[in-house]
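Structure file work-v7.cif (mmCIF, C-alpha atoms) is printed below.
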```cif
data_protein
loop_
_atom_site.label_atom_id
_atom_site.label_comp_id
_atom_site.auth_asym_id
_atom_site.auth_seq_id
_atom_site.Cartn_x
_atom_site.Cartn_y
_atom_site.Cartn_z
CA MET A 138 149.70 175.56 121.51
CA ASP A 139 148.05 178.55 119.92
CA ARG A 140 145.17 179.55 122.17
CA PRO A 141 144.20 182.93 123.70
CA LYS A 142 145.77 183.43 127.12
CA VAL A 143 144.37 184.85 130.31
CA VAL A 144 145.50 188.38 131.11
CA LYS A 145 145.63 189.87 134.57
CA TYR A 146 142.68 192.16 135.25
CA LYS A 147 143.48 195.46 136.87
CA GLU A 148 140.63 196.76 139.03
CA PRO A 149 139.68 200.29 137.97
CA GLU A 150 140.86 202.80 140.55
CA ARG A 151 139.69 206.06 139.02
CA ALA A 152 136.71 206.98 136.88
CA GLU A 153 139.01 207.31 133.83
CA ASP A 154 139.99 203.66 134.16
CA TYR A 155 136.50 202.48 133.25
CA PRO A 156 135.82 201.77 129.58
CA VAL A 157 134.03 204.57 127.73
CA GLY A 158 130.42 203.70 127.02
CA ALA A 159 129.47 200.10 126.68
CA THR A 160 132.49 199.11 124.60
CA PHE A 161 135.38 196.93 125.57
CA LYS A 162 138.35 195.13 124.07
CA ALA A 163 137.51 191.97 122.12
CA GLY A 164 138.99 188.63 123.10
CA HIS A 165 139.83 189.80 126.62
CA LEU A 166 140.01 186.79 128.93
CA VAL A 167 140.53 187.22 132.65
CA GLN A 168 139.36 183.88 134.03
CA THR A 169 139.95 180.25 133.18
CA ASN A 170 137.21 177.61 133.06
CA SER A 171 139.33 174.77 134.38
CA GLY A 172 137.65 174.79 137.78
CA TRP A 173 134.42 173.48 136.17
CA ARG A 174 135.90 170.08 135.45
CA THR A 175 135.06 166.90 137.29
CA PHE A 176 136.71 164.68 134.68
CA ARG A 177 139.55 165.66 132.41
CA PRO A 178 140.15 164.23 128.95
CA ILE A 179 143.49 162.59 128.22
CA ILE A 180 144.55 161.84 124.65
CA ASP A 181 146.37 158.56 124.11
CA GLN A 182 148.80 159.75 121.44
CA ASP A 183 149.64 156.20 120.34
CA LYS A 184 146.02 155.46 119.51
CA CYS A 185 145.26 158.91 118.02
CA ILE A 186 145.03 158.88 114.23
CA LYS A 187 144.68 162.69 113.97
CA CYS A 188 141.29 162.55 112.29
CA LEU A 189 140.58 165.89 114.04
CA ARG A 190 137.05 164.86 115.00
CA CYS A 191 137.63 166.05 118.59
CA PHE A 192 139.05 169.35 117.35
CA LEU A 193 135.95 169.82 115.20
CA VAL A 194 133.31 169.03 117.81
CA CYS A 195 134.81 170.58 120.97
CA PRO A 196 132.25 173.24 122.01
CA ASP A 197 135.00 175.24 123.69
CA GLY A 198 137.67 174.93 121.02
CA ALA A 199 140.07 173.71 123.68
CA ILE A 200 141.82 171.22 121.38
CA ASP A 201 144.73 172.64 119.41
CA LYS A 202 145.84 171.09 116.13
CA SER A 203 148.84 173.32 115.35
CA GLY A 204 151.49 170.99 116.81
CA GLU A 205 152.75 167.54 115.86
CA SER A 206 150.09 165.95 118.02
CA LEU A 207 146.75 167.24 119.31
CA GLU A 208 146.98 169.19 122.55
CA ILE A 209 144.26 170.11 125.05
CA ASP A 210 144.18 173.56 126.62
CA TYR A 211 143.34 172.52 130.17
CA ASP A 212 142.84 176.17 131.16
CA PHE A 213 139.63 176.26 129.12
CA CYS A 214 138.52 172.63 128.84
CA LYS A 215 135.31 172.22 130.85
CA GLY A 216 135.47 168.45 130.88
CA CYS A 217 132.16 167.97 129.05
CA GLY A 218 133.41 164.72 127.50
CA VAL A 219 132.16 165.36 123.94
CA CYS A 220 135.67 164.61 122.59
CA ALA A 221 135.91 161.26 124.38
CA HIS A 222 132.36 160.32 123.37
CA GLU A 223 132.93 161.23 119.70
CA CYS A 224 136.44 159.77 119.29
CA LYS A 225 136.04 156.94 116.80
CA VAL A 226 139.16 155.05 117.87
CA GLY A 227 138.70 155.48 121.61
CA ALA A 228 141.91 157.44 122.02
CA ILE A 229 140.49 159.87 124.58
CA ARG A 230 139.56 158.79 128.08
CA MET A 231 138.06 160.80 130.89
CA VAL A 232 139.95 160.67 134.17
CA LYS A 233 138.63 162.04 137.45
CA GLU A 234 140.31 165.28 138.53
CA GLY A 235 142.71 164.66 141.36
CA ALA A 236 143.44 161.10 140.19
CA ASP A 237 146.54 160.22 138.20
CA GLU A 238 146.51 159.19 134.51
CA ASP A 239 145.42 155.67 135.36
CA GLY A 240 142.48 157.00 137.38
CA ARG A 241 143.95 156.12 140.79
CA MET B 232 135.02 173.36 94.01
CA ASP B 233 135.65 176.92 95.08
CA LYS B 234 138.91 177.46 96.93
CA ASN B 235 137.16 179.43 99.68
CA MET B 236 135.00 176.51 100.65
CA VAL B 237 135.75 174.98 104.04
CA THR B 238 134.34 171.49 104.19
CA ASN B 239 136.33 169.59 106.80
CA ALA B 240 138.39 169.93 109.96
CA ARG B 241 141.68 169.90 108.06
CA GLU B 242 140.79 173.03 106.09
CA LEU B 243 139.49 174.76 109.20
CA THR B 244 141.75 177.34 110.83
CA ASN B 245 143.28 176.52 114.20
CA THR B 246 142.62 180.07 115.45
CA GLU B 247 139.66 180.46 117.78
CA PHE B 248 137.29 183.43 117.57
CA PHE B 249 134.90 182.44 120.35
CA TYR B 250 136.96 181.27 123.26
CA GLY B 251 136.78 181.05 127.03
CA HIS B 252 133.02 181.52 127.11
CA LYS B 253 130.95 180.41 130.09
CA ALA B 254 128.41 178.20 128.30
CA CYS B 255 127.42 174.92 129.96
CA ALA B 256 129.85 172.05 129.42
CA GLY B 257 128.70 170.33 126.24
CA CYS B 258 126.74 173.31 124.87
CA GLY B 259 125.57 172.86 121.28
CA GLY B 260 124.93 176.54 120.58
CA SER B 261 128.48 177.57 121.41
CA LEU B 262 129.78 174.97 118.94
CA ALA B 263 127.55 176.43 116.21
CA VAL B 264 128.93 179.92 116.89
CA ARG B 265 132.51 178.70 117.18
CA LEU B 266 132.48 176.78 113.89
CA ALA B 267 130.76 179.55 111.95
CA LEU B 268 133.27 182.16 113.14
CA LYS B 269 136.16 179.86 112.26
CA VAL B 270 134.88 179.76 108.69
CA LEU B 271 134.17 183.50 108.48
CA GLY B 272 137.39 184.62 110.16
CA GLN B 273 138.70 187.68 111.97
CA ASN B 274 137.07 190.23 109.66
CA SER B 275 133.59 189.46 110.94
CA PHE B 276 131.17 191.80 112.62
CA VAL B 277 129.00 189.79 114.97
CA SER B 278 125.67 190.83 116.38
CA LEU B 279 123.68 188.86 118.92
CA PRO B 280 120.32 189.61 120.47
CA PRO B 281 119.92 188.50 124.09
CA ASN B 282 120.47 184.75 123.97
CA CYS B 283 122.72 182.26 125.70
CA MET B 284 125.72 183.15 123.55
CA SER B 285 125.54 186.84 124.43
CA ALA B 286 125.06 185.94 128.10
CA VAL B 287 128.11 183.66 128.18
CA GLY B 288 130.28 185.66 125.78
CA PHE B 289 130.09 189.12 127.31
CA LEU B 290 130.86 189.02 131.03
CA PHE B 291 132.60 192.25 131.94
CA PRO B 292 135.57 192.45 131.97
CA GLN B 293 135.78 189.23 130.00
CA ILE B 294 134.82 189.17 126.32
CA SER B 295 135.00 185.82 124.60
CA PHE B 296 134.49 187.11 121.07
CA VAL B 297 137.83 187.74 119.41
CA THR B 298 136.06 189.50 116.51
CA ASN B 299 134.00 192.67 116.78
CA ALA B 300 130.75 191.85 118.52
CA ILE B 301 127.70 193.70 119.80
CA ILE B 302 124.53 192.80 121.68
CA ALA B 303 121.46 193.96 119.77
CA PRO B 304 117.99 194.61 121.21
CA PHE B 305 116.03 191.37 121.26
CA ALA B 306 113.65 192.23 118.43
CA ALA B 307 116.21 193.95 116.24
CA ASN B 308 119.11 191.63 115.52
CA ALA B 309 118.66 191.66 111.74
CA ALA B 310 118.09 195.43 111.76
CA VAL B 311 121.37 195.95 113.66
CA LEU B 312 123.10 193.69 111.12
CA SER B 313 121.71 195.83 108.30
CA GLY B 314 123.05 198.91 110.05
CA ILE B 315 126.52 197.38 110.49
CA GLU B 316 126.58 196.43 106.82
CA ALA B 317 125.55 199.96 105.81
CA GLY B 318 128.30 201.37 108.04
CA ALA B 319 130.91 199.02 106.63
CA LYS B 320 129.84 199.98 103.11
CA ALA B 321 130.09 203.69 103.93
CA LEU B 322 133.61 203.15 105.26
CA GLY B 323 134.50 201.33 102.05
CA LEU B 324 135.36 198.11 103.87
CA LYS B 325 135.79 195.05 101.72
CA ASP B 326 136.46 191.44 102.55
CA HIS B 327 134.36 191.37 105.70
CA HIS B 328 131.32 189.46 106.87
CA VAL B 329 128.39 190.70 108.88
CA VAL B 330 126.96 187.80 110.81
CA GLY B 331 124.23 187.48 113.40
CA PHE B 332 123.58 184.63 115.79
CA ALA B 333 120.13 184.42 117.28
CA GLY B 334 118.41 181.67 119.18
CA ASP B 335 115.13 180.12 118.11
CA GLY B 336 113.08 182.66 120.08
CA GLY B 337 115.13 185.58 118.79
CA THR B 338 114.52 184.36 115.24
CA ALA B 339 111.11 182.76 115.01
CA ASP B 340 109.20 184.80 117.60
CA ILE B 341 110.70 188.08 118.72
CA GLY B 342 113.11 188.83 115.89
CA ILE B 343 111.04 187.68 112.93
CA GLN B 344 109.94 191.11 111.71
CA ALA B 345 113.48 192.49 111.63
CA LEU B 346 114.68 189.37 109.83
CA SER B 347 111.84 189.62 107.34
CA GLY B 348 112.72 193.26 106.67
CA ALA B 349 116.40 192.51 106.15
CA ILE B 350 115.66 189.72 103.68
CA ASP B 351 113.22 191.99 101.90
CA ARG B 352 115.90 194.68 101.52
CA GLY B 353 118.43 192.08 100.44
CA ASP B 354 121.21 193.38 102.70
CA ARG B 355 124.42 191.40 102.50
CA ILE B 356 124.24 189.75 105.92
CA ILE B 357 124.48 186.22 107.23
CA TYR B 358 121.81 185.33 109.74
CA ILE B 359 122.40 182.14 111.71
CA CYS B 360 119.62 180.80 113.89
CA TYR B 361 120.89 178.25 116.38
CA ASP B 362 117.85 176.30 117.31
CA ASN B 363 117.75 174.71 120.76
CA GLU B 364 113.95 174.57 120.73
CA ALA B 365 113.13 176.83 123.69
CA TYR B 366 114.20 180.04 125.43
CA MET B 367 117.11 178.43 127.26
CA ASN B 368 118.85 181.58 128.47
CA THR B 369 115.94 182.65 130.68
CA GLY B 370 115.22 179.18 132.00
CA ILE B 371 113.64 176.96 129.33
CA GLN B 372 110.40 178.60 128.23
CA GLN B 373 108.42 177.45 125.21
CA SER B 374 109.17 179.20 121.90
CA GLY B 375 107.71 179.01 118.40
CA LEU B 376 110.26 176.33 117.57
CA THR B 377 109.56 174.06 120.54
CA PRO B 378 108.37 170.70 119.15
CA TYR B 379 105.31 168.74 120.17
CA GLY B 380 105.58 166.97 123.52
CA ALA B 381 108.57 168.90 124.85
CA ARG B 382 108.35 169.80 128.52
CA THR B 383 109.35 173.38 129.27
CA THR B 384 108.63 175.61 132.25
CA THR B 385 105.78 177.32 130.37
CA SER B 386 104.49 174.08 128.82
CA PRO B 387 104.68 171.67 131.75
CA ALA B 388 103.71 168.06 131.17
CA GLY B 389 100.94 166.69 133.33
CA LYS B 390 97.75 164.67 133.33
CA ASN B 391 96.04 166.80 130.69
CA LEU B 392 98.80 168.03 128.43
CA PRO B 393 101.91 166.29 127.06
CA GLY B 394 104.03 169.45 127.34
CA SER B 395 104.10 171.62 124.22
CA ILE B 396 100.99 170.93 122.14
CA LYS B 397 102.12 172.45 118.85
CA MET B 398 104.64 171.46 116.21
CA LYS B 399 107.70 173.50 115.25
CA LYS B 400 107.14 176.59 113.13
CA ASN B 401 108.39 176.03 109.56
CA MET B 402 111.00 178.73 109.90
CA PHE B 403 113.10 177.53 106.98
CA GLU B 404 110.16 177.64 104.58
CA ILE B 405 109.03 181.01 105.97
CA VAL B 406 112.46 182.47 105.19
CA ALA B 407 112.57 180.79 101.77
CA ALA B 408 109.15 182.20 100.93
CA HIS B 409 110.75 185.68 100.87
CA GLY B 410 112.70 184.56 97.81
CA ILE B 411 115.97 184.78 99.76
CA SER B 412 119.11 184.10 97.73
CA TYR B 413 120.45 181.41 100.08
CA ALA B 414 118.87 179.57 103.01
CA ALA B 415 119.83 176.26 104.56
CA THR B 416 119.14 173.99 107.48
CA ALA B 417 122.02 172.26 109.23
CA SER B 418 122.86 170.39 112.39
CA ILE B 419 125.93 170.35 114.60
CA GLY B 420 125.60 166.56 114.42
CA TYR B 421 126.81 166.92 110.82
CA PRO B 422 129.52 169.56 111.30
CA GLU B 423 131.08 169.18 107.83
CA ASP B 424 127.74 169.90 106.18
CA TYR B 425 127.32 172.95 108.44
CA LEU B 426 130.81 174.27 107.53
CA LYS B 427 130.01 173.92 103.86
CA LYS B 428 126.78 175.86 104.26
CA VAL B 429 128.44 178.68 106.21
CA SER B 430 131.10 178.94 103.45
CA LYS B 431 128.35 179.14 100.86
CA ALA B 432 126.52 181.83 102.84
CA ALA B 433 129.79 183.77 103.15
CA GLN B 434 130.05 184.01 99.36
CA CYS B 435 126.47 185.14 98.94
CA GLU B 436 126.05 188.75 97.74
CA SER B 437 122.66 189.13 99.39
CA THR B 438 120.96 187.99 102.61
CA SER B 439 121.60 184.42 103.65
CA TYR B 440 120.03 182.39 106.43
CA ILE B 441 121.19 179.20 108.14
CA HIS B 442 119.05 177.34 110.61
CA VAL B 443 121.30 175.08 112.67
CA MET B 444 119.99 172.55 115.15
CA ALA B 445 122.04 172.85 118.35
CA PRO B 446 120.96 170.64 121.26
CA CYS B 447 121.02 172.10 124.77
CA CYS B 448 122.06 169.51 127.35
CA THR B 449 120.70 171.55 130.26
CA GLY B 450 117.31 172.30 128.74
CA TRP B 451 116.76 169.00 126.97
CA GLY B 452 117.94 166.88 129.86
CA PHE B 453 120.79 164.69 128.66
CA PRO B 454 124.45 164.35 129.68
CA GLY B 455 126.72 166.97 128.08
CA GLU B 456 128.93 164.48 126.28
CA ARG B 457 125.99 163.35 124.10
CA THR B 458 125.34 166.71 122.40
CA ILE B 459 126.70 165.66 119.00
CA GLU B 460 125.12 162.22 119.20
CA ILE B 461 121.67 163.70 119.94
CA ALA B 462 122.03 166.29 117.16
CA LYS B 463 122.94 163.54 114.69
CA GLU B 464 120.12 161.32 115.85
CA ALA B 465 117.56 164.11 115.37
CA VAL B 466 118.48 164.08 111.67
CA ASP B 467 118.67 160.30 111.43
CA CYS B 468 115.22 159.76 112.94
CA GLY B 469 113.67 162.31 110.59
CA LEU B 470 112.65 164.94 113.14
CA TRP B 471 115.13 167.35 111.59
CA PHE B 472 116.33 167.60 108.00
CA LEU B 473 119.30 168.97 106.09
CA ALA B 474 118.20 171.07 103.15
CA GLU B 475 119.09 174.11 101.08
CA TYR B 476 117.15 176.74 99.21
CA GLU B 477 118.82 178.60 96.36
CA ASN B 478 117.86 179.74 92.87
CA GLU B 479 114.24 179.38 93.97
CA LYS B 480 114.67 175.65 94.48
CA PHE B 481 114.59 173.45 97.55
CA THR B 482 117.14 170.64 97.76
CA LEU B 483 117.31 167.87 100.34
CA ASN B 484 120.96 167.22 101.20
CA ARG B 485 120.35 164.05 103.08
CA LYS B 486 117.68 161.52 102.30
CA PRO B 487 117.74 158.66 104.79
CA SER B 488 116.63 155.35 103.25
CA SER B 489 115.03 154.49 106.59
CA PHE B 490 114.58 156.43 109.80
CA SER B 491 116.10 155.38 113.10
CA PRO B 492 113.46 154.87 115.84
CA VAL B 493 111.93 158.14 117.04
CA LYS B 494 111.24 156.64 120.46
CA GLU B 495 114.92 156.00 121.08
CA TYR B 496 115.77 159.61 120.27
CA LEU B 497 112.98 160.96 122.48
CA MET B 498 113.68 158.73 125.47
CA LYS B 499 117.29 159.90 125.68
CA GLN B 500 116.02 163.35 126.67
CA GLY B 501 114.43 164.36 129.95
CA ARG B 502 112.03 166.77 128.24
CA PHE B 503 110.34 163.92 126.33
CA ARG B 504 110.60 161.10 128.86
CA HIS B 505 106.98 161.47 130.04
CA LEU B 506 105.59 160.80 126.53
CA GLY B 507 103.39 157.74 126.01
CA ASP B 508 103.03 155.69 122.83
CA ASP B 509 100.04 157.80 121.68
CA ASP B 510 102.09 160.98 121.73
CA ILE B 511 105.01 159.31 120.01
CA SER B 512 102.73 158.11 117.21
CA ILE B 513 101.45 161.71 116.80
CA ILE B 514 105.07 162.84 116.39
CA GLU B 515 105.76 160.03 113.91
CA ARG B 516 102.66 160.82 111.86
CA HIS B 517 103.66 164.47 111.67
CA ARG B 518 107.18 163.49 110.62
CA ASP B 519 105.90 161.17 107.88
CA HIS B 520 103.55 163.86 106.59
CA LYS B 521 106.36 166.41 106.48
CA TRP B 522 108.74 164.03 104.70
CA GLU B 523 106.07 163.03 102.21
CA LYS B 524 105.68 166.69 101.24
CA MET B 525 109.43 167.29 101.13
CA LEU B 526 110.18 164.25 98.99
CA LYS B 527 107.38 165.15 96.60
CA ASN B 528 108.19 168.81 96.11
CA TRP B 529 111.91 169.18 96.79
CA ASP B 530 114.89 167.96 94.77
CA SER B 531 117.09 165.38 96.39
#
```

Take the structure in this file and express it as structure tokens.
Amino acid sequence: MDRPKVVKYKEPERAEDYPVGATFKAGHLVQTNSGWRTFRPIIDQDKCIKCLRCFLVCPDGAIDKSGESLEIDYDFCKGCGVCAHECKVGAIRMVKEGADEDGR
Amino acid sequence: MDKNMVTNARELTNTEFFYGHKACAGCGGSLAVRLALKVLGQNSFVSLPPNCMSAVGFLFPQISFVTNAIIAPFAANAAVLSGIEAGAKALGLKDHHVVGFAGDGGTADIGIQALSGAIDRGDRIIYICYDNEAYMNTGIQQSGLTPYGARTTTSPAGKNLPGSIKMKKNMFEIVAAHGISYAATASIGYPEDYLKKVSKAAQCESTSYIHVMAPCCTGWGFPGERTIEIAKEAVDCGLWFLAEYENEKFTLNRKPSSFSPVKEYLMKQGRFRHLGDDDISIIERHRDHKWEKMLKNWDS
């Protein structure tokens, strides 16, 4: 998985700790989006044909194609369901958070 | 074909340049920004006027843009882009892209004079308008690109009015009328076509403009998972078109042999659900008129 990681945010204690002017470091993530999800996508790797359609259309870029099989970054997946809706072979299903992989 | 062209998911880099943003689940605009930045790469300077993407991308201390990015004043996005390009030129930078992302309001209403000026000067910038057909960031107000019949908070539908009573501004033709070196319309429903157009714009030595249709699930009133489906259907039913303008010529990239039903597309969205058959036939007549002109005058 090759996705930006969350870094721990240190609260500024002194005036010098605040960024100068209105500038700040790019690509600085301090919070995940995983708490937004009601349903989480699960890729059925046996059915997946690696067409990369889900990778292409994920609005959050949470699907990683660098490995052998496609992986979902659950830290930043919001559970919108675009991937499952667009998958042409039906290899992605949405499972309710809190339930197991079979939805129970 | 040029080796720098990115035309499919396989050629697209795995690295993300717009990540961890707080856009609604299923947001079309964030996909437009994400895909464009993946084509343009790390050496991009991004400027955004106030729009959803600047609201969800810059939340101190979190910044979702991995490239350099700045929020421009609402009316001045293209002017800020010109300034960045001038600065990069003065520093002798090469192999970089200066790209702006503005919403439909920031392009067609508030930002149009700055855009017009930049095209006139021919600065080497890429201007991408992601069109979600209203001011979504501030709570769904009507813009110059809101289509006929759409319900927004400033064009409510009721007994007397069907929502917005005007058609979309012809932003693509307005930009082309400047004699711009490259302009295109795209849709996130056809992502490969969009990637190709961003690659083309990246190679352009002068100003380029891409108008990408990006549905907004919150403002349009449909479930988030249908974003791509709705974007594709807008093209298939003829209410949006994929075209290019270069070398002073318009080209239609996609010419449907028949349109899918407009009513089906409209009824999937909460903003159009109040429309009666009369209003739908007005929309269809306008579509047919527009396509008649396009097919007559543009190459395909």

Q) What are the residues of chain B that have an atom within 8 Å of an atom of chain A, counting all atoms listed in the file, as number ranges by chain? A) B: 240-241, 245-253, 256-259, 261-262, 265-266, 292-300, 422, 455-460

Please write as a CSV table (one decimal) with C-alpha atoms, keeping the file's coordinate frame the full residue list that the PyMOL selection byres ((chain B and resi 324-327) around 9) yields on this file.
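Dumped to expr_36.csv:
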```csv
chain,number,residue,atom,x,y,z
B,271,LEU,CA,134.2,183.5,108.5
B,272,GLY,CA,137.4,184.6,110.2
B,273,GLN,CA,138.7,187.7,112.0
B,274,ASN,CA,137.1,190.2,109.7
B,275,SER,CA,133.6,189.5,110.9
B,276,PHE,CA,131.2,191.8,112.6
B,318,GLY,CA,128.3,201.4,108.0
B,319,ALA,CA,130.9,199.0,106.6
B,320,LYS,CA,129.8,200.0,103.1
B,321,ALA,CA,130.1,203.7,103.9
B,322,LEU,CA,133.6,203.2,105.3
B,323,GLY,CA,134.5,201.3,102.0
B,328,HIS,CA,131.3,189.5,106.9
B,329,VAL,CA,128.4,190.7,108.9
```

Q: Name the residues that the PyMOL selection byres ((chain B and resi 313) around 10) pulls out of this structure, and write them as a VMD selection string.
A: chain B and resid 307 to 312 314 to 319 329 to 330 345 to 346 348 to 350 352 to 356 438

So that I have them on file, write out the residues from the current selection with C-alpha atoms, as a compact mmCIF listing (two decimals), in the coordinates of the input.
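See out23.txt below for the written result:
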```txt
# COMPACT_ATOMS: atom_id res chain seq x y z
CA ALA B 307 116.21 193.95 116.24
CA ASN B 308 119.11 191.63 115.52
CA ALA B 309 118.66 191.66 111.74
CA ALA B 310 118.09 195.43 111.76
CA VAL B 311 121.37 195.95 113.66
CA LEU B 312 123.10 193.69 111.12
CA GLY B 314 123.05 198.91 110.05
CA ILE B 315 126.52 197.38 110.49
CA GLU B 316 126.58 196.43 106.82
CA ALA B 317 125.55 199.96 105.81
CA GLY B 318 128.30 201.37 108.04
CA ALA B 319 130.91 199.02 106.63
CA VAL B 329 128.39 190.70 108.88
CA VAL B 330 126.96 187.80 110.81
CA ALA B 345 113.48 192.49 111.63
CA LEU B 346 114.68 189.37 109.83
CA GLY B 348 112.72 193.26 106.67
CA ALA B 349 116.40 192.51 106.15
CA ILE B 350 115.66 189.72 103.68
CA ARG B 352 115.90 194.68 101.52
CA GLY B 353 118.43 192.08 100.44
CA ASP B 354 121.21 193.38 102.70
CA ARG B 355 124.42 191.40 102.50
CA ILE B 356 124.24 189.75 105.92
CA THR B 438 120.96 187.99 102.61
```

Q | Spatial neighbours of range 181-186 of chain A, max dist 10 Å, only C-alpha atoms, sep filter under 6 positions, as a ChimeraX atom specification | A | /A:206-208,224-230

(Q) To test your reading of the syntax: which residues would the PyMOL selection byres ((chain B and resi 285) around 10) return for the file shown? Reply as a VMD selection string. (A) chain B and resid 252 254 278 to 284 286 to 290 294 to 296 300 to 303 332 to 333 368

Write to file, as an mmCIF file, keeping the file's coordinate frame, the residues of the selection just made, with C-alpha atoms.
```cif
data_model
loop_
_atom_site.group_PDB
_atom_site.id
_atom_site.type_symbol
_atom_site.label_atom_id
_atom_site.label_comp_id
_atom_site.auth_asym_id
_atom_site.auth_seq_id
_atom_site.Cartn_x
_atom_site.Cartn_y
_atom_site.Cartn_z
ATOM 1 C CA HIS B 252 133.020 181.520 127.110
ATOM 2 C CA ALA B 254 128.410 178.200 128.300
ATOM 3 C CA SER B 278 125.670 190.830 116.380
ATOM 4 C CA LEU B 279 123.680 188.860 118.920
ATOM 5 C CA PRO B 280 120.320 189.610 120.470
ATOM 6 C CA PRO B 281 119.920 188.500 124.090
ATOM 7 C CA ASN B 282 120.470 184.750 123.970
ATOM 8 C CA CYS B 283 122.720 182.260 125.700
ATOM 9 C CA MET B 284 125.720 183.150 123.550
ATOM 10 C CA ALA B 286 125.060 185.940 128.100
ATOM 11 C CA VAL B 287 128.110 183.660 128.180
ATOM 12 C CA GLY B 288 130.280 185.660 125.780
ATOM 13 C CA PHE B 289 130.090 189.120 127.310
ATOM 14 C CA LEU B 290 130.860 189.020 131.030
ATOM 15 C CA ILE B 294 134.820 189.170 126.320
ATOM 16 C CA SER B 295 135.000 185.820 124.600
ATOM 17 C CA PHE B 296 134.490 187.110 121.070
ATOM 18 C CA ALA B 300 130.750 191.850 118.520
ATOM 19 C CA ILE B 301 127.700 193.700 119.800
ATOM 20 C CA ILE B 302 124.530 192.800 121.680
ATOM 21 C CA ALA B 303 121.460 193.960 119.770
ATOM 22 C CA PHE B 332 123.580 184.630 115.790
ATOM 23 C CA ALA B 333 120.130 184.420 117.280
ATOM 24 C CA ASN B 368 118.850 181.580 128.470
#
```

Q | Shortest interatomic distance to Ile209 in chain A - which of A:Gly158, A:Pro178, A:Gly172, A:Pro149, counting all atoms listed in the file | A |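 So, comparing all the options, the nearest one is A:Pro178.
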
Q) CA of Ser395 in chain B and CA of Pro378 in chain B, how far apart in Å? A) 6.7 Å

Q) What does the distance between CA of Ala339 in chain B and CA of Cys360 in chain B come to in Å, to one decimal place? A)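 Going from CA of Ala339 in chain B over to CA of Cys360 in chain B, I get 8.8 Å.
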
**Q.** Among the residues B:Leu473, B:Ile357, B:Val466, B:Ile461, the one that comes closest to Asp424 in chain B [using all atoms listed in the file]
**A.** B:Leu473

Q | d(CA of Ile513 in chain B, CA of Gly389 in chain B) in Å | A | 17.3 Å

Coordinate excerpt as an mmCIF file, in the first residue's frame: range 218-231 of chain A, C-alpha atoms:
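Dumped to part.cif:
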```cif
data_model
loop_
_atom_site.group_PDB
_atom_site.id
_atom_site.type_symbol
_atom_site.label_atom_id
_atom_site.label_comp_id
_atom_site.auth_asym_id
_atom_site.auth_seq_id
_atom_site.Cartn_x
_atom_site.Cartn_y
_atom_site.Cartn_z
ATOM 1 C CA GLY A 218 -20.046 2.934 -2.845
ATOM 2 C CA VAL A 219 -18.969 4.300 -6.246
ATOM 3 C CA CYS A 220 -16.500 1.398 -6.624
ATOM 4 C CA ALA A 221 -19.137 -1.260 -5.937
ATOM 5 C CA HIS A 222 -21.646 0.469 -8.217
ATOM 6 C CA GLU A 223 -19.146 0.803 -11.080
ATOM 7 C CA CYS A 224 -17.495 -2.637 -10.809
ATOM 8 C CA LYS A 225 -18.414 -4.410 -14.040
ATOM 9 C CA VAL A 226 -17.927 -7.934 -12.683
ATOM 10 C CA GLY A 227 -19.580 -7.363 -9.318
ATOM 11 C CA ALA A 228 -16.411 -8.092 -7.373
ATOM 12 C CA ILE A 229 -16.990 -5.385 -4.765
ATOM 13 C CA ARG A 230 -19.770 -5.609 -2.211
ATOM 14 C CA MET A 231 -20.763 -3.152 0.470
#
```
